[in-house]
$ cat upload.txt   # compact mmCIF, C-alpha atoms
# COMPACT_ATOMS: atom_id res chain seq x y z
CA MET A 1 3.36 -2.50 -23.31
CA PRO A 2 3.14 -0.75 -19.90
CA TYR A 3 0.63 -1.71 -17.28
CA VAL A 4 -1.23 1.30 -15.88
CA CYS A 5 -3.64 0.94 -12.97
CA ASN A 6 -6.86 2.70 -13.94
CA MET A 7 -7.26 5.63 -11.53
CA LYS A 8 -11.05 5.33 -11.81
CA TRP A 9 -10.88 1.93 -10.15
CA ARG A 10 -8.64 3.24 -7.38
CA LYS A 11 -11.21 5.88 -6.46
CA ASN A 12 -14.21 3.59 -6.80
CA PHE A 13 -14.50 2.51 -3.16
CA GLY A 14 -11.09 0.84 -3.22
CA ILE A 15 -12.08 -1.81 -5.77
CA TYR A 16 -9.32 -2.68 -8.26
CA PRO A 17 -9.66 -4.36 -11.68
CA TRP A 18 -10.25 -8.07 -12.16
CA HIS A 19 -7.29 -10.29 -13.10
CA GLN A 20 -6.87 -13.91 -14.14
CA GLN A 21 -4.67 -16.21 -12.04
CA GLU A 22 -3.34 -19.70 -12.73
CA GLU A 23 -3.32 -20.46 -9.01
CA ILE A 24 -3.54 -18.67 -5.67
CA PRO A 25 -1.92 -20.91 -3.05
CA LEU A 26 -3.50 -20.56 0.39
CA LEU A 27 -0.97 -20.64 3.25
CA LEU A 28 -1.73 -21.37 6.89
CA SER A 29 0.02 -19.38 9.59
CA GLY A 30 3.02 -21.13 11.08
CA ALA A 31 5.57 -23.00 8.99
CA PRO A 32 3.68 -22.84 5.62
CA PHE A 33 3.60 -19.02 5.55
CA PHE A 34 6.99 -18.26 7.12
CA GLU A 35 8.86 -20.87 5.12
CA GLU A 36 7.49 -19.23 1.96
CA LEU A 37 8.44 -15.76 3.24
CA LEU A 38 11.97 -16.83 4.19
CA LYS A 39 12.34 -18.54 0.80
CA GLN A 40 11.25 -15.47 -1.18
CA ILE A 41 13.44 -12.87 0.57
CA PRO A 42 16.78 -14.51 -0.44
CA GLN A 43 15.49 -14.96 -4.00
CA ALA A 44 14.66 -11.25 -4.44
CA LYS A 45 17.02 -9.49 -6.87
CA GLU A 46 15.77 -5.89 -7.11
CA SER A 47 13.24 -4.81 -4.47
CA ILE A 48 11.14 -5.82 -1.47
CA HIS A 49 8.17 -3.75 -0.29
CA LEU A 50 6.92 -4.75 3.15
CA GLN A 51 3.97 -2.99 4.81
CA ILE A 52 2.66 -4.62 7.96
CA TYR A 53 0.94 -3.90 11.25
CA ILE A 54 3.09 -5.94 13.67
CA PHE A 55 6.81 -6.61 13.24
CA ASP A 56 7.89 -7.83 16.68
CA GLY A 57 11.43 -7.88 18.04
CA ASP A 58 11.21 -11.58 18.91
CA GLU A 59 12.72 -14.75 17.39
CA THR A 60 10.47 -14.65 14.35
CA GLY A 61 11.10 -10.95 13.81
CA PHE A 62 14.85 -11.54 14.10
CA MET A 63 14.81 -14.23 11.42
CA VAL A 64 12.90 -11.99 8.99
CA TYR A 65 15.08 -8.96 9.90
CA GLN A 66 18.27 -10.96 9.24
CA ALA A 67 16.95 -12.12 5.86
CA LEU A 68 16.05 -8.50 4.94
CA LEU A 69 19.46 -7.25 6.09
CA GLU A 70 21.25 -9.83 3.93
CA ALA A 71 19.07 -8.83 0.98
CA ALA A 72 19.94 -5.15 1.53
CA LYS A 73 23.67 -6.02 1.67
CA ARG A 74 23.51 -7.63 -1.77
CA GLY A 75 21.83 -4.53 -3.24
CA VAL A 76 18.11 -5.31 -2.99
CA LYS A 77 16.11 -2.13 -2.35
CA ILE A 78 14.12 -2.58 0.88
CA ASN A 79 11.10 -0.35 1.59
CA LEU A 80 9.71 -1.13 5.04
CA VAL A 81 6.60 0.66 6.38
CA LEU A 82 5.40 -0.45 9.82
CA ASP A 83 2.52 0.71 11.96
CA ALA A 84 3.88 2.91 14.76
CA PHE A 85 1.60 1.30 17.37
CA GLY A 86 1.55 -2.32 16.23
CA SER A 87 5.33 -2.42 15.63
CA LYS A 88 6.39 -0.39 18.67
CA SER A 89 8.66 -3.28 19.76
CA PHE A 90 10.62 -3.21 16.48
CA PRO A 91 14.19 -2.66 17.76
CA ARG A 92 15.88 0.65 17.04
CA GLU A 93 19.12 -1.25 16.41
CA TRP A 94 17.50 -3.23 13.58
CA GLN A 95 16.23 -0.04 11.97
CA LEU A 96 19.67 1.60 12.04
CA LYS A 97 21.43 -1.47 10.61
CA LEU A 98 18.90 -1.75 7.79
CA GLU A 99 19.18 1.96 7.00
CA ASN A 100 23.00 1.73 7.02
CA GLN A 101 22.65 -0.82 4.20
CA GLY A 102 20.41 1.50 2.17
CA ALA A 103 17.00 0.21 3.32
CA GLU A 104 14.27 2.72 4.06
CA VAL A 105 12.22 2.25 7.25
CA ALA A 106 9.25 4.34 8.38
CA PHE A 107 6.58 4.10 11.08
CA PHE A 108 3.04 5.00 10.09
CA SER A 109 0.60 7.09 12.15
CA ARG A 110 2.01 8.29 15.42
CA PHE A 111 0.05 8.99 18.59
CA LYS A 112 -0.10 12.66 19.46
CA LEU A 113 -0.67 14.01 22.98
CA ALA A 114 -0.41 17.72 22.32
CA PHE A 115 -3.28 20.20 21.91
CA LYS A 116 -5.58 17.51 20.54
CA PHE A 117 -5.22 13.82 21.34
CA HIS A 118 -4.66 11.92 18.11
CA THR A 119 -4.79 8.14 17.68
CA GLY A 120 -4.35 8.09 13.93
CA THR A 121 -5.46 5.67 11.26
CA ARG A 122 -3.72 2.34 11.79
CA LEU A 123 -1.82 0.63 8.98
CA HIS A 124 -3.38 -2.81 9.38
CA HIS A 125 -2.84 -4.43 6.00
CA LYS A 126 -0.13 -7.07 5.47
CA ILE A 127 1.53 -6.76 2.05
CA ILE A 128 4.95 -8.12 1.05
CA ILE A 129 6.07 -7.72 -2.60
CA PHE A 130 9.17 -9.24 -4.20
CA ASP A 131 10.66 -7.75 -7.41
CA LYS A 132 7.23 -6.39 -8.49
CA GLN A 133 6.37 -9.95 -9.55
CA LYS A 134 5.29 -11.95 -6.51
CA ALA A 135 3.44 -11.03 -3.32
CA LEU A 136 2.23 -12.38 0.00
CA LEU A 137 -1.08 -10.98 1.25
CA GLY A 138 -3.29 -11.90 4.20
CA GLY A 139 -3.76 -11.37 7.91
CA ILE A 140 -0.44 -12.75 9.21
CA ASN A 141 1.92 -10.47 11.16
CA ILE A 142 5.63 -11.01 11.79
CA SER A 143 5.64 -12.34 15.34
CA ASN A 144 6.07 -15.57 17.30
CA HIS A 145 2.29 -15.66 17.69
CA TYR A 146 1.91 -16.42 13.97
CA SER A 147 4.96 -18.59 13.31
CA ALA A 148 6.02 -22.07 14.29
CA PHE A 149 9.32 -20.76 15.66
CA GLY A 150 8.36 -19.55 19.13
CA SER A 151 6.82 -21.27 22.15
CA GLY A 152 3.08 -21.71 22.42
CA LYS A 153 0.49 -22.61 19.82
CA THR A 154 0.40 -20.76 16.54
CA TRP A 155 -2.52 -18.37 16.09
CA LEU A 156 -4.78 -19.47 13.24
CA ASP A 157 -4.59 -17.20 10.21
CA PHE A 158 -4.20 -17.35 6.43
CA GLY A 159 -2.22 -15.75 3.63
CA VAL A 160 -2.07 -16.14 -0.14
CA VAL A 161 0.68 -16.10 -2.77
CA LEU A 162 0.01 -13.85 -5.79
CA GLN A 163 1.73 -13.36 -9.14
CA GLY A 164 1.08 -11.29 -12.26
CA ASN A 165 -0.67 -7.96 -12.78
CA ILE A 166 -2.59 -8.25 -9.52
CA VAL A 167 0.77 -7.75 -7.76
CA LEU A 168 1.08 -4.40 -9.54
CA ASP A 169 -2.19 -3.26 -7.96
CA LEU A 170 -0.70 -4.06 -4.55
CA LEU A 171 2.39 -2.12 -5.58
CA VAL A 172 0.23 0.92 -6.35
CA ILE A 173 -1.13 0.71 -2.77
CA CYS A 174 2.41 0.45 -1.37
CA TYR A 175 3.56 3.40 -3.47
CA SER A 176 0.72 5.55 -2.13
CA PHE A 177 2.09 5.11 1.41
CA GLU A 178 5.76 5.33 0.45
CA ARG A 179 5.35 8.62 -1.42
CA LYS A 180 4.40 10.28 1.87
CA THR A 181 7.38 9.05 3.86
CA PHE A 182 10.24 8.41 1.44
CA LEU A 183 9.58 11.61 -0.56
CA ARG A 184 10.03 10.03 -3.96
CA LYS A 185 8.00 9.84 -7.12
CA HIS A 186 7.16 6.35 -8.29
CA PRO A 187 6.55 5.37 -11.91
CA VAL A 188 2.96 5.46 -13.13
CA SER A 189 3.76 2.75 -15.68
CA LEU A 190 4.82 -0.75 -14.75
CA PRO A 191 5.78 -3.77 -16.90
CA TYR A 192 2.79 -5.52 -18.43
CA LEU A 193 2.48 -9.27 -17.94
CA ALA A 194 0.17 -11.40 -20.09
CA GLU A 195 -2.70 -12.85 -18.06
CA LYS A 196 -4.14 -16.32 -18.17
CA GLY A 197 -5.70 -18.80 -15.79
CA PRO A 198 -9.12 -19.94 -14.60
CA ILE A 199 -9.23 -18.01 -11.30
CA LYS A 200 -10.76 -14.53 -11.30
CA ALA A 201 -9.40 -12.23 -8.58
CA ARG A 202 -9.03 -8.58 -7.61
CA ILE A 203 -7.71 -6.44 -4.78
CA LEU A 204 -10.05 -4.68 -2.34
CA GLN A 205 -8.97 -1.84 -0.07
CA ASN A 206 -10.44 -0.06 2.96
CA HIS A 207 -9.04 3.36 3.82
CA TRP A 208 -11.58 5.65 5.45
CA ALA A 209 -9.43 8.79 5.08
CA LYS A 210 -9.34 8.20 1.30
CA ALA A 211 -13.06 7.31 1.07
CA ARG A 212 -12.28 3.74 0.06
CA PHE A 213 -14.58 1.03 1.40
CA GLY A 214 -14.02 -1.74 -1.14
CA ILE A 215 -13.90 -4.60 1.36
CA SER A 216 -16.86 -3.42 3.44
CA LYS A 217 -18.90 -2.80 0.28
CA GLN A 218 -18.24 -6.26 -1.17
CA TYR A 219 -18.89 -8.08 2.11
CA ARG A 220 -22.28 -6.41 2.46
CA HIS A 221 -23.18 -6.82 -1.20
CA LYS A 222 -22.36 -10.54 -1.23
CA ILE A 223 -24.21 -11.17 2.07
CA ARG A 224 -27.32 -9.36 0.78
CA GLU A 225 -27.26 -11.28 -2.51
CA SER A 226 -26.37 -14.69 -1.03
CA LYS A 227 -28.56 -17.64 -1.99
CA GLU A 228 -27.03 -20.81 -0.53
CA GLN A 229 -24.43 -20.44 2.21
CA ILE A 230 -22.29 -17.92 4.11
CA THR A 231 -19.24 -19.04 6.10
CA LEU A 232 -17.38 -16.28 7.94
CA ILE A 233 -14.17 -16.81 9.91
CA ALA A 234 -13.97 -13.71 12.08
CA SER A 235 -11.38 -13.09 14.77
CA TYR A 236 -12.79 -9.89 16.31
CA PHE A 237 -16.48 -10.20 15.49
CA LEU A 238 -18.36 -7.00 16.38
CA PRO A 239 -20.62 -6.31 13.39
CA SER A 240 -22.79 -3.25 13.04
CA MET A 241 -26.50 -3.69 13.77
CA ALA A 242 -27.14 -3.44 10.02
CA LEU A 243 -24.70 -6.25 9.20
CA LYS A 244 -26.10 -8.44 11.96
CA ARG A 245 -29.59 -7.95 10.46
CA MET A 246 -28.22 -8.92 7.03
CA LEU A 247 -26.90 -12.20 8.44
CA LYS A 248 -30.20 -12.93 10.22
CA ASN A 249 -32.20 -12.07 7.11
CA ALA A 250 -29.99 -14.33 4.99
CA GLN A 251 -30.67 -17.21 7.39
CA LYS A 252 -34.42 -16.49 7.29
CA ARG A 253 -34.52 -16.71 3.48
CA GLY A 254 -32.88 -20.15 3.56
CA VAL A 255 -29.16 -19.32 3.38
CA GLN A 256 -27.06 -21.46 5.76
CA VAL A 257 -25.07 -18.92 7.79
CA THR A 258 -22.05 -20.28 9.68
CA LEU A 259 -19.82 -18.18 11.92
CA ILE A 260 -16.41 -19.44 13.07
CA LEU A 261 -15.36 -17.25 15.99
CA SER A 262 -12.78 -17.15 18.77
CA GLY A 263 -12.90 -19.66 21.58
CA ILE A 264 -9.64 -18.16 22.84
CA SER A 265 -8.94 -14.47 22.28
CA ASP A 266 -5.96 -12.23 22.87
CA ILE A 267 -8.52 -9.53 23.75
CA PRO A 268 -10.98 -11.20 26.18
CA LEU A 269 -13.25 -8.14 26.27
CA VAL A 270 -13.88 -8.46 22.53
CA ARG A 271 -14.85 -12.12 22.94
CA LYS A 272 -17.30 -11.23 25.73
CA ALA A 273 -18.74 -8.45 23.58
CA ALA A 274 -19.25 -10.92 20.72
CA HIS A 275 -21.08 -13.28 23.11
CA HIS A 276 -23.67 -10.55 23.62
CA LEU A 277 -24.77 -11.26 20.02
CA TYR A 278 -24.86 -15.06 20.29
CA SER A 279 -28.38 -15.57 21.65
CA ASP A 280 -30.04 -13.43 18.98
CA LEU A 281 -28.05 -15.05 16.16
CA LEU A 282 -28.61 -18.59 17.45
CA LYS A 283 -32.36 -18.00 17.78
CA SER A 284 -32.36 -16.96 14.11
CA GLY A 285 -30.84 -20.31 13.13
CA VAL A 286 -27.27 -19.08 12.56
CA THR A 287 -24.65 -21.79 13.26
CA ILE A 288 -21.74 -20.72 15.48
CA TYR A 289 -18.46 -22.54 16.07
CA GLU A 290 -15.63 -21.47 18.37
CA TRP A 291 -12.02 -22.31 17.48
CA GLN A 292 -10.46 -23.95 20.55
CA ASP A 293 -6.90 -24.87 19.61
CA SER A 294 -5.31 -21.39 19.78
CA VAL A 295 -6.11 -17.73 19.30
CA LEU A 296 -8.19 -17.22 16.14
CA HIS A 297 -6.82 -14.33 14.06
CA ALA A 298 -8.17 -15.28 10.62
CA LYS A 299 -10.44 -13.11 8.47
CA VAL A 300 -11.95 -15.17 5.65
CA ALA A 301 -15.34 -15.29 3.95
CA PHE A 302 -16.87 -18.00 1.72
CA ILE A 303 -20.24 -17.13 0.16
CA ASP A 304 -22.38 -19.33 -2.09
CA LYS A 305 -20.40 -21.64 -4.41
CA ASP A 306 -17.63 -19.46 -5.76
CA TRP A 307 -16.85 -16.34 -3.69
CA THR A 308 -13.86 -16.18 -1.34
CA CYS A 309 -12.38 -13.14 0.41
CA ILE A 310 -9.12 -13.26 2.41
CA GLY A 311 -7.03 -10.57 4.05
CA SER A 312 -6.68 -8.26 7.04
CA TYR A 313 -10.29 -7.01 7.33
CA ASN A 314 -12.13 -7.65 10.59
CA ILE A 315 -15.91 -7.44 10.87
CA ASN A 316 -16.02 -4.45 13.20
CA HIS A 317 -16.13 -0.66 13.29
CA LEU A 318 -12.32 -0.31 13.50
CA SER A 319 -11.70 -2.09 10.18
CA ASP A 320 -14.50 -0.09 8.54
CA PHE A 321 -13.36 3.33 9.75
CA GLY A 322 -10.11 3.17 11.73
CA SER A 323 -7.60 1.08 9.77
CA THR A 324 -6.17 0.64 6.31
CA GLU A 325 -7.12 -2.87 5.17
CA CYS A 326 -6.33 -4.98 2.11
CA ASN A 327 -8.07 -8.17 0.96
CA ILE A 328 -8.22 -10.29 -2.15
CA GLU A 329 -11.61 -11.17 -3.65
CA ILE A 330 -11.59 -14.49 -5.53
CA VAL A 331 -14.31 -15.94 -7.76
CA ASP A 332 -13.83 -19.60 -8.63
CA VAL A 333 -15.90 -22.67 -7.73
CA ALA A 334 -13.00 -25.13 -7.46
CA TYR A 335 -10.90 -22.72 -5.39
CA GLN A 336 -13.66 -22.17 -2.87
CA GLU A 337 -14.53 -25.85 -2.69
CA GLN A 338 -10.91 -26.81 -2.00
CA ASN A 339 -10.30 -24.22 0.71
CA LEU A 340 -13.70 -24.50 2.37
CA LYS A 341 -12.98 -28.23 2.66
CA LEU A 342 -9.68 -27.38 4.40
CA VAL A 343 -11.46 -25.07 6.82
CA LYS A 344 -14.06 -27.73 7.62
CA LEU A 345 -11.30 -30.25 8.36
CA LEU A 346 -9.71 -27.76 10.75
CA MET A 347 -13.06 -27.11 12.42
CA ASN A 348 -13.81 -30.81 12.82
CA LYS A 349 -10.48 -31.19 14.56
CA SER A 350 -10.42 -28.17 16.88
CA ALA A 351 -13.73 -26.28 16.95
CA LYS A 352 -16.68 -26.48 19.30
CA ALA A 353 -20.26 -26.04 18.08
CA ILE A 354 -22.38 -23.68 20.16
CA ILE A 355 -25.72 -25.45 20.63
CA ALA A 356 -28.54 -22.89 20.77
CA ASP A 357 -30.73 -24.48 23.47
CA ASP A 358 -27.81 -25.37 25.74
CA TYR A 359 -26.17 -21.97 25.37
CA ILE A 360 -29.33 -19.93 26.00
CA GLN A 361 -30.54 -22.06 28.92
CA LYS A 362 -27.16 -22.14 30.67
CA LEU A 363 -26.42 -18.44 30.22
CA HIS A 364 -26.59 -16.98 33.73
CA PHE A 365 -28.07 -13.52 34.25
CA MET A 366 -24.76 -12.07 35.50
CA GLU A 367 -22.89 -13.46 32.51
CA ARG A 368 -25.54 -12.07 30.19
CA PHE A 369 -25.19 -8.69 31.91
CA SER A 370 -21.37 -8.70 31.72
CA ASN A 371 -21.55 -9.56 28.01
CA TYR A 372 -23.96 -6.65 27.52
CA VAL A 373 -21.59 -4.27 29.34
CA ALA A 374 -18.56 -5.54 27.38
CA TYR A 375 -20.40 -5.07 24.09
CA HIS A 376 -21.32 -1.46 24.83
CA ILE A 377 -17.87 -0.67 26.20
CA MET A 378 -16.35 -1.91 22.96
CA ARG A 379 -18.82 -0.01 20.78
CA ILE A 380 -18.22 3.22 22.70
CA SER A 381 -14.44 2.69 22.70
CA LEU A 382 -14.32 2.21 18.93
CA ARG A 383 -16.43 5.30 18.37
CA VAL A 384 -14.23 7.37 20.69
CA LEU A 385 -11.10 6.19 18.86
CA PHE A 386 -12.73 7.14 15.57
CA TYR A 387 -13.51 10.62 16.92
CA PHE A 388 -9.86 11.20 17.79
CA GLN A 389 -8.53 10.15 14.40
CA SER A 390 -7.30 12.69 11.92
CA ASP A 391 -5.37 12.39 8.68
CA LEU A 392 -2.26 14.41 9.48
CA GLN A 393 -0.25 15.99 6.69
CA SER A 394 2.67 13.77 7.69
CA PRO A 395 1.32 10.60 9.34
CA PHE A 396 4.76 8.97 9.45
CA LYS A 397 7.08 8.77 12.39
CA ARG A 398 10.81 8.42 12.13
CA ARG A 399 12.73 7.46 15.25
$ encode --input "upload.txt" --output "structure tokens"
Amino acid sequence: MPYVCNMKWRKNFGIYPWHQQEEIPLLLSGAPFFEELLKQIPQAKESIHLQIYIFDGDETGFMVYQALLEAAKRGVKINLVLDAFGSKSFPREWQLKLENQGAEVAFFSRFKLAFKFHTGTRLHHKIIIFDKQKALLGGINISNHYSAFGSGKTWLDFGVVLQGNIVLDLLVICYSFERKTFLRKHPVSLPYLAEKGPIKARILQNHWAKARFGISKQYRHKIRESKEQITLIASYFLPSMALKRMLKNAQKRGVQVTLILSGISDIPLVRKAAHHLYSDLLKSGVTIYEWQDSVLHAKVAFIDKDWTCIGSYNINHLSDFGSTECNIEIVDVAYQEQNLKLVKLLMNKSAKAIIADDYIQKLHFMERFSNYVAYHIMRISLRVLFYFQSDLQSPFKRR
């Protein structure tokens, strides 16, 4: 019996159907994620679909490239779609060698400096699918920053391993991008796999140009309806005023709101902009921790007893309106309990609590002013980038 993704779900804010899973292993960035990735590529027999924001030309990128090249040589069909900005360091030589072995490589959303400046929607999701049966999904890019193979401390992020029909929903998303660049029709029917398992999960997608706001919609819905606790791990935390009010209101009605934010950021201006919000949130009773061990790149939400959301979505204007994003929404008490416990262990080891009285009293006027300026610079910058976006007929760039 064929599996057909219901088109109604695809158009309903980017919210896909529910599926049952036996397990959804959570992988930390570093060795856990990349060992799984480098194990799955050699095991692939038919196809690998890889769509990712950053594929760097460094040691980590070389290891993944070599594994993909070997897979292509033994006849595995490789479909590689990379963001043209995020993966600008992907070597031309690698592309040519992959294409010589039958792989297809494309770069999504070019910058345009002609009559009208064009920044383009960014392909920000991280999806890797093996043989239409298994997938890796999360916020982890292919770069030394995220692996254990380069120098320096690994950025903190998470990914998950998926199997079953939920992988076919990810494949539908991949096909929608590949149809534009590889000029091929993909099957509308895919092999049906019987579902079982205690964990309820579904795919959420954000793609402003396609009017899909599944991740944004579910985040806001779950925050508004929360009754016990909200724990958000947010790497580039610049919420809208409406979302900030939702968090404050949740705290006021007795929900314990905890934010785990960047103590070290690869974009210092974003961290300063986030600090502009600290005083107001702390005064409302919101608990804030800053991750100190490395750059925080994770995007995870735990709400009440059973809701978990993991993926590429950042709590800011860019993820809402400027990037394609993909998350998994999971409903299971035991799953949340297990992984929230892991997060708390990490925080106890390498996070610093921001104490409201100390923070507010020690905040110098000039620092407060610079945070204010950074916040408004970031808000204006994101709005300007949004203004210069357009969905071109052919958003792909071939070198």
$ closest_residue --input "upload.txt" --among "A:Ile24, A:Val295, A:Ala301, A:Ile52" --to "Lys134 of chain A" --atoms "only C-alpha atoms"
A:Ile24
$ residues_around --input "upload.txt" --residues "segment 203-220 of chain A" --least-positions-apart "4" --cutoff "6 Å" --atoms "only C-alpha atoms" --output "list of chain:residue names"
A:Phe13, A:Gly14, A:Ile15, A:Tyr16, A:Phe321, A:Thr324, A:Glu325, A:Cys326, A:Asn327, A:Ile328
$ closest_residue --input "upload.txt" --among "A:Lys97, A:Lys45, A:Arg368, A:His317" --to "Val76 of chain A" --atoms "all atoms listed in the file"
A:Lys45
$ atom_distance --input "upload.txt" --atom1 "atom CA of Phe108 of chain A" --atom2 "atom CA of Lys73 of chain A"
24.9 Å
$ residues_around --input "upload.txt" --residues "Ile267 of chain A" --least-positions-apart "2" --cutoff "12 Å" --atoms "only C-alpha atoms" --output "ChimeraX atom specification"
/A:235-237,262-265,269-274,295-297,374,378
$ closest_residue --input "upload.txt" --among "A:Lys88, A:Lys248, A:His49, A:His376" --to "Ser279 of chain A" --atoms "only C-alpha atoms"
A:Lys248
$ residues_around --input "upload.txt" --residues "Pro32 of chain A" --least-positions-apart "5" --cutoff "12 Å" --atoms "only C-alpha atoms" --output "VMD selection string"
chain A and resid 25 to 27 37 to 39 136 140 146 to 149 154 156 to 161
$ atom_distance --input "upload.txt" --atom1 "atom CA of Lys153 of chain A" --atom2 "atom CA of Gln66 of chain A"
23.7 Å
$ closest_residue --input "upload.txt" --among "A:Ile260, A:Ala250, A:Val167, A:Cys309" --to "Gln229 of chain A" --atoms "only C-alpha atoms"
A:Ala250
$ atom_distance --input "upload.txt" --atom1 "atom CA of Lys227 of chain A" --atom2 "atom CA of Ile303 of chain A"
8.6 Å
$ residues_around --input "upload.txt" --residues "Leu363 of chain A" --least-positions-apart "5" --cutoff "12 Å" --atoms "all atoms listed in the file" --output "PDB file with C-alpha atoms, keeping the file's coordinate frame"
ATOM      1  CA  HIS A 275     -21.080 -13.280  23.110  1.00  0.00           C
ATOM      2  CA  HIS A 276     -23.670 -10.550  23.620  1.00  0.00           C
ATOM      3  CA  TYR A 278     -24.860 -15.060  20.290  1.00  0.00           C
ATOM      4  CA  SER A 279     -28.380 -15.570  21.650  1.00  0.00           C
ATOM      5  CA  ILE A 355     -25.720 -25.450  20.630  1.00  0.00           C
ATOM      6  CA  ALA A 356     -28.540 -22.890  20.770  1.00  0.00           C
ATOM      7  CA  ASP A 357     -30.730 -24.480  23.470  1.00  0.00           C
ATOM      8  CA  ASP A 358     -27.810 -25.370  25.740  1.00  0.00           C
ATOM      9  CA  ARG A 368     -25.540 -12.070  30.190  1.00  0.00           C
ATOM     10  CA  PHE A 369     -25.190  -8.690  31.910  1.00  0.00           C
ATOM     11  CA  SER A 370     -21.370  -8.700  31.720  1.00  0.00           C
ATOM     12  CA  ASN A 371     -21.550  -9.560  28.010  1.00  0.00           C
TER      13      ASN A 371
END
$ closest_residue --input "upload.txt" --among "A:Leu137, A:Ile166, A:Ala67, A:Leu28" --to "Ile41 of chain A" --atoms "all atoms listed in the file"
A:Ala67
$ residues_near_point --input "upload.txt" --point "(6.5, -7.4, 0.0)" --cutoff "6 Å" --atoms "only C-alpha atoms" --output "list in words"
Ile48, His49, Leu50, Ile127, Ile128, Ile129, Phe130 and Ala135 of chain A
$ write_last_selection --input "upload.txt" --atoms "C-alpha atoms" --output "PDB file, in the coordinates of the input"
ATOM      1  CA  ILE A  48      11.140  -5.820  -1.470  1.00  0.00           C
ATOM      2  CA  HIS A  49       8.170  -3.750  -0.290  1.00  0.00           C
ATOM      3  CA  LEU A  50       6.920  -4.750   3.150  1.00  0.00           C
ATOM      4  CA  ILE A 127       1.530  -6.760   2.050  1.00  0.00           C
ATOM      5  CA  ILE A 128       4.950  -8.120   1.050  1.00  0.00           C
ATOM      6  CA  ILE A 129       6.070  -7.720  -2.600  1.00  0.00           C
ATOM      7  CA  PHE A 130       9.170  -9.240  -4.200  1.00  0.00           C
ATOM      8  CA  ALA A 135       3.440 -11.030  -3.320  1.00  0.00           C
TER       9      ALA A 135
END
$ closest_residue --input "upload.txt" --among "A:Gln21, A:Trp291, A:Asn141, A:Leu69" --to "Gln163 of chain A" --atoms "all atoms listed in the file"
A:Gln21
$ residues_around --input "upload.txt" --residues "Lys299 of chain A" --least-positions-apart "5" --cutoff "7 Å" --atoms "only C-alpha atoms" --output "VMD selection string"
chain A and resid 139 233 to 235 310 to 314
$ build_atoms --input "upload.txt" --residues "segment 352-365 of chain A" --atoms "N, CA and C atoms" --output "short mmCIF file (atom, residue, chain, number, x, y, z; two decimals), in the frame of the given file"
data_model
loop_
_atom_site.label_atom_id
_atom_site.label_comp_id
_atom_site.auth_asym_id
_atom_site.auth_seq_id
_atom_site.Cartn_x
_atom_site.Cartn_y
_atom_site.Cartn_z
N LYS A 352 -15.55 -26.06 18.48
CA LYS A 352 -16.68 -26.48 19.30
C LYS A 352 -17.95 -25.80 18.79
N ALA A 353 -18.98 -26.61 18.51
CA ALA A 353 -20.26 -26.04 18.08
C ALA A 353 -21.01 -25.48 19.29
N ILE A 354 -21.56 -24.30 19.12
CA ILE A 354 -22.38 -23.68 20.16
C ILE A 354 -23.83 -24.09 19.92
N ILE A 355 -24.36 -24.93 20.78
CA ILE A 355 -25.72 -25.45 20.63
C ILE A 355 -26.70 -24.42 21.21
N ALA A 356 -27.66 -24.01 20.40
CA ALA A 356 -28.54 -22.89 20.77
C ALA A 356 -29.24 -23.13 22.10
N ASP A 357 -29.94 -24.25 22.24
CA ASP A 357 -30.73 -24.48 23.47
C ASP A 357 -29.83 -24.54 24.70
N ASP A 358 -28.72 -25.26 24.61
CA ASP A 358 -27.81 -25.37 25.74
C ASP A 358 -27.24 -24.01 26.12
N TYR A 359 -26.81 -23.26 25.10
CA TYR A 359 -26.17 -21.97 25.37
C TYR A 359 -27.14 -21.00 26.04
N ILE A 360 -28.35 -20.91 25.48
CA ILE A 360 -29.33 -19.93 26.00
C ILE A 360 -29.81 -20.32 27.39
N GLN A 361 -30.05 -21.61 27.61
CA GLN A 361 -30.54 -22.06 28.92
C GLN A 361 -29.48 -21.92 30.02
N LYS A 362 -28.22 -22.16 29.67
CA LYS A 362 -27.16 -22.14 30.67
C LYS A 362 -26.58 -20.75 30.91
N LEU A 363 -26.98 -19.78 30.10
CA LEU A 363 -26.42 -18.44 30.22
C LEU A 363 -27.01 -17.75 31.46
N HIS A 364 -26.17 -17.59 32.47
CA HIS A 364 -26.59 -16.98 33.73
C HIS A 364 -26.83 -15.48 33.54
N PHE A 365 -27.73 -14.93 34.37
CA PHE A 365 -28.07 -13.52 34.25
C PHE A 365 -26.84 -12.63 34.35
#
